[in-house]
$ cat run_28.pdb   # PDB, C-alpha atoms
ATOM      1  CA  MET A   1     154.293  46.982 163.225
ATOM      2  CA  ILE A   2     155.190  48.449 166.620
ATOM      3  CA  PHE A   3     158.413  47.343 168.322
ATOM      4  CA  ASP A   4     160.346  48.276 171.426
ATOM      5  CA  SER A   5     163.715  46.626 170.829
ATOM      6  CA  LEU A   6     166.398  46.467 168.171
ATOM      7  CA  GLU A   7     166.284  42.682 168.028
ATOM      8  CA  ASP A   8     162.551  42.550 167.239
ATOM      9  CA  GLY A   9     162.877  45.156 164.511
ATOM     10  CA  LEU A  10     165.770  43.317 162.886
ATOM     11  CA  LEU A  11     163.865  40.037 163.040
ATOM     12  CA  PHE A  12     160.995  41.720 161.182
ATOM     13  CA  VAL A  13     163.464  42.916 158.532
ATOM     14  CA  LYS A  14     164.942  39.434 158.234
ATOM     15  CA  GLN A  15     161.492  37.958 157.627
ATOM     16  CA  PHE A  16     160.711  40.672 155.063
ATOM     17  CA  CYS A  17     163.956  39.936 153.185
ATOM     18  CA  HIS A  18     163.134  36.244 153.155
ATOM     19  CA  GLU A  19     159.505  36.730 152.038
ATOM     20  CA  HIS A  20     160.554  38.984 149.167
ATOM     21  CA  SER A  21     163.666  36.993 148.239
ATOM     22  CA  LEU A  22     165.834  40.104 148.375
ATOM     23  CA  ASP A  23     169.356  39.731 147.038
ATOM     24  CA  GLU A  24     172.220  39.645 149.523
ATOM     25  CA  SER A  25     173.369  43.219 148.933
ATOM     26  CA  THR A  26     169.890  44.755 149.278
ATOM     27  CA  ALA A  27     169.153  42.666 152.368
ATOM     28  CA  TYR A  28     172.454  43.796 153.924
ATOM     29  CA  LYS A  29     171.703  47.461 153.244
ATOM     30  CA  LEU A  30     168.154  47.191 154.553
ATOM     31  CA  ASN A  31     169.446  45.509 157.725
ATOM     32  CA  LEU A  32     172.114  48.120 158.232
ATOM     33  CA  ILE A  33     169.851  51.130 157.633
ATOM     34  CA  THR A  34     167.252  49.705 160.009
ATOM     35  CA  GLU A  35     169.868  48.954 162.656
ATOM     36  CA  GLU A  36     171.328  52.452 162.431
ATOM     37  CA  LEU A  37     167.952  54.172 162.704
ATOM     38  CA  ILE A  38     166.667  52.028 165.560
ATOM     39  CA  THR A  39     169.949  52.285 167.478
ATOM     40  CA  ASN A  40     169.859  56.016 167.001
ATOM     41  CA  LEU A  41     166.330  56.395 168.321
ATOM     42  CA  LEU A  42     166.838  54.056 171.273
ATOM     43  CA  LYS A  43     170.109  55.711 172.300
ATOM     44  CA  HIS A  44     169.466  59.339 171.520
ATOM     45  CA  SER A  45     165.785  59.871 172.218
ATOM     46  CA  ASP A  46     163.308  59.154 174.986
ATOM     47  CA  ALA A  47     161.211  56.933 172.706
ATOM     48  CA  ILE A  48     160.211  53.614 174.224
ATOM     49  CA  SER A  49     158.780  52.135 171.045
ATOM     50  CA  TYR A  50     158.741  52.753 167.314
ATOM     51  CA  GLU A  51     156.712  51.868 164.262
ATOM     52  CA  LEU A  52     158.494  50.074 161.427
ATOM     53  CA  ILE A  53     156.881  49.866 158.005
ATOM     54  CA  LEU A  54     158.427  48.023 155.065
ATOM     55  CA  ILE A  55     156.934  47.970 151.582
ATOM     56  CA  LYS A  56     158.315  46.463 148.408
ATOM     57  CA  LYS A  57     156.941  48.070 145.265
ATOM     58  CA  GLU A  58     158.348  46.820 141.988
ATOM     59  CA  TYR A  59     162.124  47.185 142.328
ATOM     60  CA  ARG A  60     162.122  49.570 145.266
ATOM     61  CA  ILE A  61     162.043  49.032 149.032
ATOM     62  CA  TYR A  62     160.293  51.699 151.119
ATOM     63  CA  LEU A  63     161.262  51.879 154.784
ATOM     64  CA  ASN A  64     159.477  54.076 157.296
ATOM     65  CA  ILE A  65     160.512  54.288 160.927
ATOM     66  CA  ASN A  66     158.640  56.711 163.139
ATOM     67  CA  TYR A  67     158.463  57.326 166.866
ATOM     68  CA  ALA A  68     157.074  59.789 169.391
ATOM     69  CA  SER A  69     159.796  61.974 170.811
ATOM     70  CA  GLN A  70     161.283  65.434 170.697
ATOM     71  CA  PHE A  71     162.452  66.730 167.315
ATOM     72  CA  PHE A  72     165.563  64.923 166.173
ATOM     73  CA  ASP A  73     168.019  67.435 164.790
ATOM     74  CA  MET A  74     169.832  65.666 161.960
ATOM     75  CA  ASN A  75     172.393  68.464 161.816
ATOM     76  CA  ILE A  76     173.659  67.710 165.309
ATOM     77  CA  GLN A  77     174.848  64.263 164.298
ATOM     78  CA  LYS A  78     175.622  64.977 160.680
ATOM     79  CA  PRO A  79     179.314  64.355 160.024
ATOM     80  CA  ARG A  80     181.094  67.668 160.279
ATOM     81  CA  SER A  81     184.378  66.264 159.103
ATOM     82  CA  SER A  82     185.436  64.522 155.941
ATOM     83  CA  ASN A  83     187.864  62.523 158.079
ATOM     84  CA  VAL A  84     186.049  59.412 159.282
ATOM     85  CA  GLN A  85     188.364  59.198 162.299
ATOM     86  CA  ASN A  86     186.762  62.376 163.602
ATOM     87  CA  ILE A  87     183.138  61.377 163.035
ATOM     88  CA  GLU A  88     181.140  60.756 166.163
ATOM     89  CA  TYR A  89     179.268  57.483 166.727
ATOM     90  CA  GLY A  90     175.775  58.469 165.542
ATOM     91  CA  GLY A  91     177.222  60.507 162.724
ATOM     92  CA  LEU A  92     178.845  57.502 161.112
ATOM     93  CA  GLY A  93     175.528  55.627 161.071
ATOM     94  CA  LEU A  94     173.697  58.498 159.401
ATOM     95  CA  PHE A  95     176.554  58.879 156.951
ATOM     96  CA  LEU A  96     176.239  55.208 155.955
ATOM     97  CA  ILE A  97     172.482  55.570 155.441
ATOM     98  CA  GLN A  98     172.969  58.628 153.235
ATOM     99  CA  GLU A  99     175.540  56.791 151.155
ATOM    100  CA  MET A 100     173.530  53.586 150.704
ATOM    101  CA  ALA A 101     169.974  54.827 150.291
ATOM    102  CA  LEU A 102     168.527  56.124 147.059
ATOM    103  CA  GLU A 103     166.576  58.598 149.151
ATOM    104  CA  PHE A 104     166.707  59.441 152.864
ATOM    105  CA  HIS A 105     164.295  61.938 154.428
ATOM    106  CA  HIS A 106     163.420  63.062 157.920
ATOM    107  CA  LYS A 107     160.405  65.065 158.998
ATOM    108  CA  TYR A 108     158.711  65.908 162.288
ATOM    109  CA  GLN A 109     154.928  65.780 162.421
ATOM    110  CA  LYS A 110     152.524  65.744 165.339
ATOM    111  CA  GLY A 111     155.229  64.956 167.858
ATOM    112  CA  ARG A 112     156.739  62.132 165.826
ATOM    113  CA  ASN A 113     160.073  61.851 164.072
ATOM    114  CA  ILE A 114     159.510  60.169 160.729
ATOM    115  CA  PHE A 115     162.388  58.667 158.786
ATOM    116  CA  GLU A 116     161.712  57.562 155.228
ATOM    117  CA  VAL A 117     164.240  55.625 153.197
ATOM    118  CA  ILE A 118     164.032  54.320 149.658
ATOM    119  CA  LEU A 119     166.349  51.545 148.574
TER     120      LEU A 119
ATOM    121  CA  MET B 120     182.362  37.216 167.088
ATOM    122  CA  VAL B 121     186.116  37.801 167.561
ATOM    123  CA  GLU B 122     189.253  35.675 167.761
ATOM    124  CA  VAL B 123     192.570  37.266 168.690
ATOM    125  CA  THR B 124     196.090  35.915 168.187
ATOM    126  CA  ASN B 125     199.062  37.928 169.341
ATOM    127  CA  ASP B 126     202.310  36.734 167.752
ATOM    128  CA  GLU B 127     204.422  38.705 165.298
ATOM    129  CA  GLN B 128     201.315  40.729 164.543
ATOM    130  CA  LEU B 129     198.163  41.276 166.514
ATOM    131  CA  VAL B 130     195.601  39.455 164.375
ATOM    132  CA  ILE B 131     191.989  40.321 165.177
ATOM    133  CA  LYS B 132     189.681  37.982 163.340
ATOM    134  CA  LEU B 133     186.106  39.225 163.156
ATOM    135  CA  VAL B 134     183.518  36.583 162.353
ATOM    136  CA  GLN B 135     179.832  36.534 161.355
ATOM    137  CA  ARG B 136     178.329  39.810 162.596
ATOM    138  CA  LEU B 137     179.741  42.896 164.273
ATOM    139  CA  ASP B 138     176.857  45.198 165.105
ATOM    140  CA  THR B 139     175.191  47.153 167.889
ATOM    141  CA  THR B 140     174.357  43.975 169.793
ATOM    142  CA  ASN B 141     177.943  42.753 170.176
ATOM    143  CA  ALA B 142     180.295  45.648 169.395
ATOM    144  CA  GLU B 143     180.711  46.645 173.030
ATOM    145  CA  ASN B 144     181.720  43.134 174.116
ATOM    146  CA  THR B 145     184.052  42.807 171.147
ATOM    147  CA  ALA B 146     185.709  46.123 171.974
ATOM    148  CA  ALA B 147     186.195  45.009 175.576
ATOM    149  CA  ILE B 148     187.914  41.792 174.446
ATOM    150  CA  ILE B 149     190.229  43.669 172.107
ATOM    151  CA  GLU B 150     190.998  46.511 174.493
ATOM    152  CA  GLU B 151     193.506  44.635 176.656
ATOM    153  CA  TYR B 152     195.543  43.779 173.562
ATOM    154  CA  LEU B 153     195.478  47.373 172.369
ATOM    155  CA  ASP B 154     196.696  48.627 175.738
ATOM    156  CA  ASP B 155     199.878  46.545 175.377
ATOM    157  CA  LEU B 156     200.272  46.932 171.630
ATOM    158  CA  VAL B 157     203.838  46.315 170.414
ATOM    159  CA  SER B 158     203.201  45.101 166.856
ATOM    160  CA  ASP B 159     201.220  45.927 163.746
ATOM    161  CA  ILE B 160     197.521  45.040 163.692
ATOM    162  CA  VAL B 161     195.787  42.847 161.116
ATOM    163  CA  ILE B 162     191.993  43.010 161.059
ATOM    164  CA  ASP B 163     190.887  39.788 159.391
ATOM    165  CA  VAL B 164     187.350  40.045 158.011
ATOM    166  CA  THR B 165     187.472  36.981 155.780
ATOM    167  CA  GLN B 166     184.590  35.418 157.728
ATOM    168  CA  LEU B 167     182.764  38.626 158.557
ATOM    169  CA  GLU B 168     179.305  38.654 156.999
ATOM    170  CA  TYR B 169     177.960  41.921 158.371
ATOM    171  CA  ILE B 170     179.333  45.090 159.919
ATOM    172  CA  SER B 171     177.463  48.263 160.871
ATOM    173  CA  SER B 172     178.676  51.597 162.206
ATOM    174  CA  ALA B 173     178.938  50.098 165.707
ATOM    175  CA  GLY B 174     181.358  47.518 164.305
ATOM    176  CA  LEU B 175     183.260  50.135 162.352
ATOM    177  CA  GLN B 176     183.805  51.985 165.616
ATOM    178  CA  VAL B 177     185.603  48.903 166.968
ATOM    179  CA  VAL B 178     187.919  48.902 163.947
ATOM    180  CA  LEU B 179     188.369  52.642 164.333
ATOM    181  CA  LYS B 180     189.462  52.099 167.919
ATOM    182  CA  CYS B 181     192.123  49.680 166.680
ATOM    183  CA  ALA B 182     193.290  52.204 164.083
ATOM    184  CA  LYS B 183     193.595  54.919 166.711
ATOM    185  CA  ALA B 184     195.591  52.604 169.002
ATOM    186  CA  ALA B 185     197.919  51.696 166.129
ATOM    187  CA  LYS B 186     198.438  55.353 165.298
ATOM    188  CA  GLU B 187     199.177  56.221 168.912
ATOM    189  CA  LYS B 188     201.773  53.450 169.155
ATOM    190  CA  ASN B 189     203.217  54.281 165.731
ATOM    191  CA  LYS B 190     202.204  50.905 164.281
ATOM    192  CA  ASN B 191     200.495  49.942 161.040
ATOM    193  CA  ILE B 192     197.005  48.527 160.679
ATOM    194  CA  TYR B 193     195.933  46.260 157.845
ATOM    195  CA  LEU B 194     192.606  44.891 156.650
ATOM    196  CA  ARG B 195     192.564  41.342 155.326
ATOM    197  CA  GLY B 196     189.882  39.452 153.438
ATOM    198  CA  ALA B 197     187.247  42.122 152.828
ATOM    199  CA  SER B 198     184.781  41.287 150.079
ATOM    200  CA  GLY B 199     181.248  42.002 148.893
ATOM    201  CA  THR B 200     179.134  44.459 150.844
ATOM    202  CA  VAL B 201     181.483  44.351 153.846
ATOM    203  CA  LYS B 202     184.217  45.730 151.605
ATOM    204  CA  GLU B 203     181.805  48.305 150.217
ATOM    205  CA  ILE B 204     181.033  49.484 153.769
ATOM    206  CA  PHE B 205     184.740  49.995 154.493
ATOM    207  CA  GLN B 206     185.122  51.816 151.186
ATOM    208  CA  ILE B 207     182.230  54.235 151.535
ATOM    209  CA  SER B 208     183.171  54.915 155.157
ATOM    210  CA  GLY B 209     186.599  56.057 154.042
ATOM    211  CA  PHE B 210     188.487  53.467 156.077
ATOM    212  CA  TYR B 211     190.904  52.727 153.270
ATOM    213  CA  THR B 212     192.416  56.165 153.785
ATOM    214  CA  PHE B 213     194.069  54.937 156.979
ATOM    215  CA  ILE B 214     193.926  51.125 156.756
ATOM    216  CA  LYS B 215     196.001  49.296 154.180
ATOM    217  CA  GLU B 216     194.374  46.358 152.450
ATOM    218  CA  ILE B 217     196.365  43.121 152.277
TER     219      ILE B 217
END
$ encode --input "run_28.pdb" --output "structure tokens"
Amino acid sequence: MIFDSLEDGLLFVKQFCHEHSLDESTAYKLNLITEELITNLLKHSDAISYELILIKKEYRIYLNINYASQFFDMNIQKPRSSNVQNIEYGGLGLFLIQEMALEFHHKYQKGRNIFEVIL
Amino acid sequence: MVEVTNDEQLVIKLVQRLDTTNAENTAAIIEEYLDDLVSDIVIDVTQLEYISSAGLQVVLKCAKAAKEKNKNIYLRGASGTVKEIFQISGFYTFIKEI
């Protein structure tokens, strides 16, 4: 599905959680990871829309968010400090995703940033 | 969203959700209290169901204000995934849980 706002993306996630009867903790994490990635792309890129794909396969949730923009350098926002009080805004979001996801990958293909998360 | 009482302690009660959509407004409400901070801060999250990094930044702002004014900051009522978020973010290194 293609979206252009945070609210629409989160509504899609909410419906997905409901349809698949996800437990509270998984639903929370899926919401948070989606919010962090969408916020990041809307604030720190020139993207005006994004594609959000959610798949549940057995016990795993596969999240893919991709958008057309310049290459997103993960290292720029990666926390450079172990002290959370020194972590910049976007860095804290990425840090949370890394901590909560089973897998978190980013690649850049054909002018699109592609974020893949497994929960 | 947020309820503030300023008596012996500055109690900031966060309710329901604190995320990208409302963090800025919440921070603006709290800011005037932080400017005139004369007591310790209690962040009450008993009724908080969801917090993201945008919400954590609001709490971080409170922690920085407390540190600047040489006051303590406490977290009250964290449970479930909300508590987990505070834990994995390292907030318990500078906020005491009560």
$ residues_near_point --input "run_28.pdb" --point "(163.5, 53.9, 155.2)" --cutoff "6 Å" --atoms "all atoms listed in the file" --output "VMD selection string"
chain A and resid 62 to 64 116 to 118
$ residues_around --input "run_28.pdb" --residues "stretch 128-142 of chain B" --least-positions-apart "6" --cutoff "7 Å" --atoms "all atoms listed in the file" --output "number ranges by chain"
B: 120-122, 158-164, 166-171, 173-174, 177
$ closest_atom_pairs --input "run_28.pdb" --of "chain B" --to "chain A" --cutoff "7 Å" --atoms "all atoms listed in the file" --output "tab-separated table"
residue	atom	partner	partner_atom	distance
B:Ser171	CA	A:Leu32	CA	6.0
B:Ser172	CA	A:Gly93	CA	5.2
B:Leu179	CA	A:Gln85	CA	6.9
B:Thr200	CA	A:Ser25	CA	6.2
B:Ser208	CA	A:Val84	CA	6.7
B:Gly209	CA	A:Val84	CA	6.2
$ atom_distance --input "run_28.pdb" --atom1 "atom CA of B:Val178" --atom2 "atom CA of B:Tyr193"
10.4 Å
$ resolve_selection --input "run_28.pdb" --expression "the PyMOL selection byres ((chain B and resi 216) around 12)" --output "list in words"
Ile160, Val161, Ile162, Asp163, Val164, Asn191, Ile192, Tyr193, Leu194, Arg195, Gly196, Ala197, Ser198, Lys202, Phe205, Gln206, Phe210, Tyr211, Thr212, Phe213, Ile214, Lys215 and Ile217 of chain B
$ atom_distance --input "run_28.pdb" --atom1 "atom CA of A:Lys57" --atom2 "atom CA of A:Ala27"
15.1 Å
$ atom_distance --input "run_28.pdb" --atom1 "atom CA of A:Lys43" --atom2 "atom CA of A:Ser5"
11.2 Å
$ closest_residue --input "run_28.pdb" --among "A:Leu22, A:Leu52, A:Ser45, A:Tyr108" --to "A:Asp8" --atoms "all atoms listed in the file"
A:Leu52
$ decode --input "run_28.pdb" --residues "stretch 134-155 of chain B" --atoms "C-alpha atoms" --output "PDB file, in the first residue's frame"
ATOM      1  CA  VAL B 134      -1.595   9.365  29.542  1.00  0.00           C
ATOM      2  CA  GLN B 135      -2.530   7.107  26.608  1.00  0.00           C
ATOM      3  CA  ARG B 136      -0.013   7.829  23.838  1.00  0.00           C
ATOM      4  CA  LEU B 137       3.077  10.000  23.577  1.00  0.00           C
ATOM      5  CA  ASP B 138       4.342   9.814  20.017  1.00  0.00           C
ATOM      6  CA  THR B 139       5.341  11.873  16.999  1.00  0.00           C
ATOM      7  CA  THR B 140       1.822  13.245  16.612  1.00  0.00           C
ATOM      8  CA  ASN B 141       1.609  14.853  20.057  1.00  0.00           C
ATOM      9  CA  ALA B 142       5.126  15.066  21.510  1.00  0.00           C
ATOM     10  CA  GLU B 143       5.677  18.637  20.361  1.00  0.00           C
ATOM     11  CA  ASN B 144       2.471  19.899  21.990  1.00  0.00           C
ATOM     12  CA  THR B 145       3.229  17.959  25.156  1.00  0.00           C
ATOM     13  CA  ALA B 146       6.725  19.434  25.325  1.00  0.00           C
ATOM     14  CA  ALA B 147       5.296  22.932  24.905  1.00  0.00           C
ATOM     15  CA  ILE B 148       2.880  22.392  27.812  1.00  0.00           C
ATOM     16  CA  ILE B 149       5.637  21.105  30.067  1.00  0.00           C
ATOM     17  CA  GLU B 150       8.217  23.698  29.074  1.00  0.00           C
ATOM     18  CA  GLU B 151       6.831  26.557  31.171  1.00  0.00           C
ATOM     19  CA  TYR B 152       7.022  24.377  34.280  1.00  0.00           C
ATOM     20  CA  LEU B 153      10.585  23.357  33.501  1.00  0.00           C
ATOM     21  CA  ASP B 154      11.642  26.977  33.075  1.00  0.00           C
ATOM     22  CA  ASP B 155      10.604  27.718  36.675  1.00  0.00           C
TER      23      ASP B 155
END
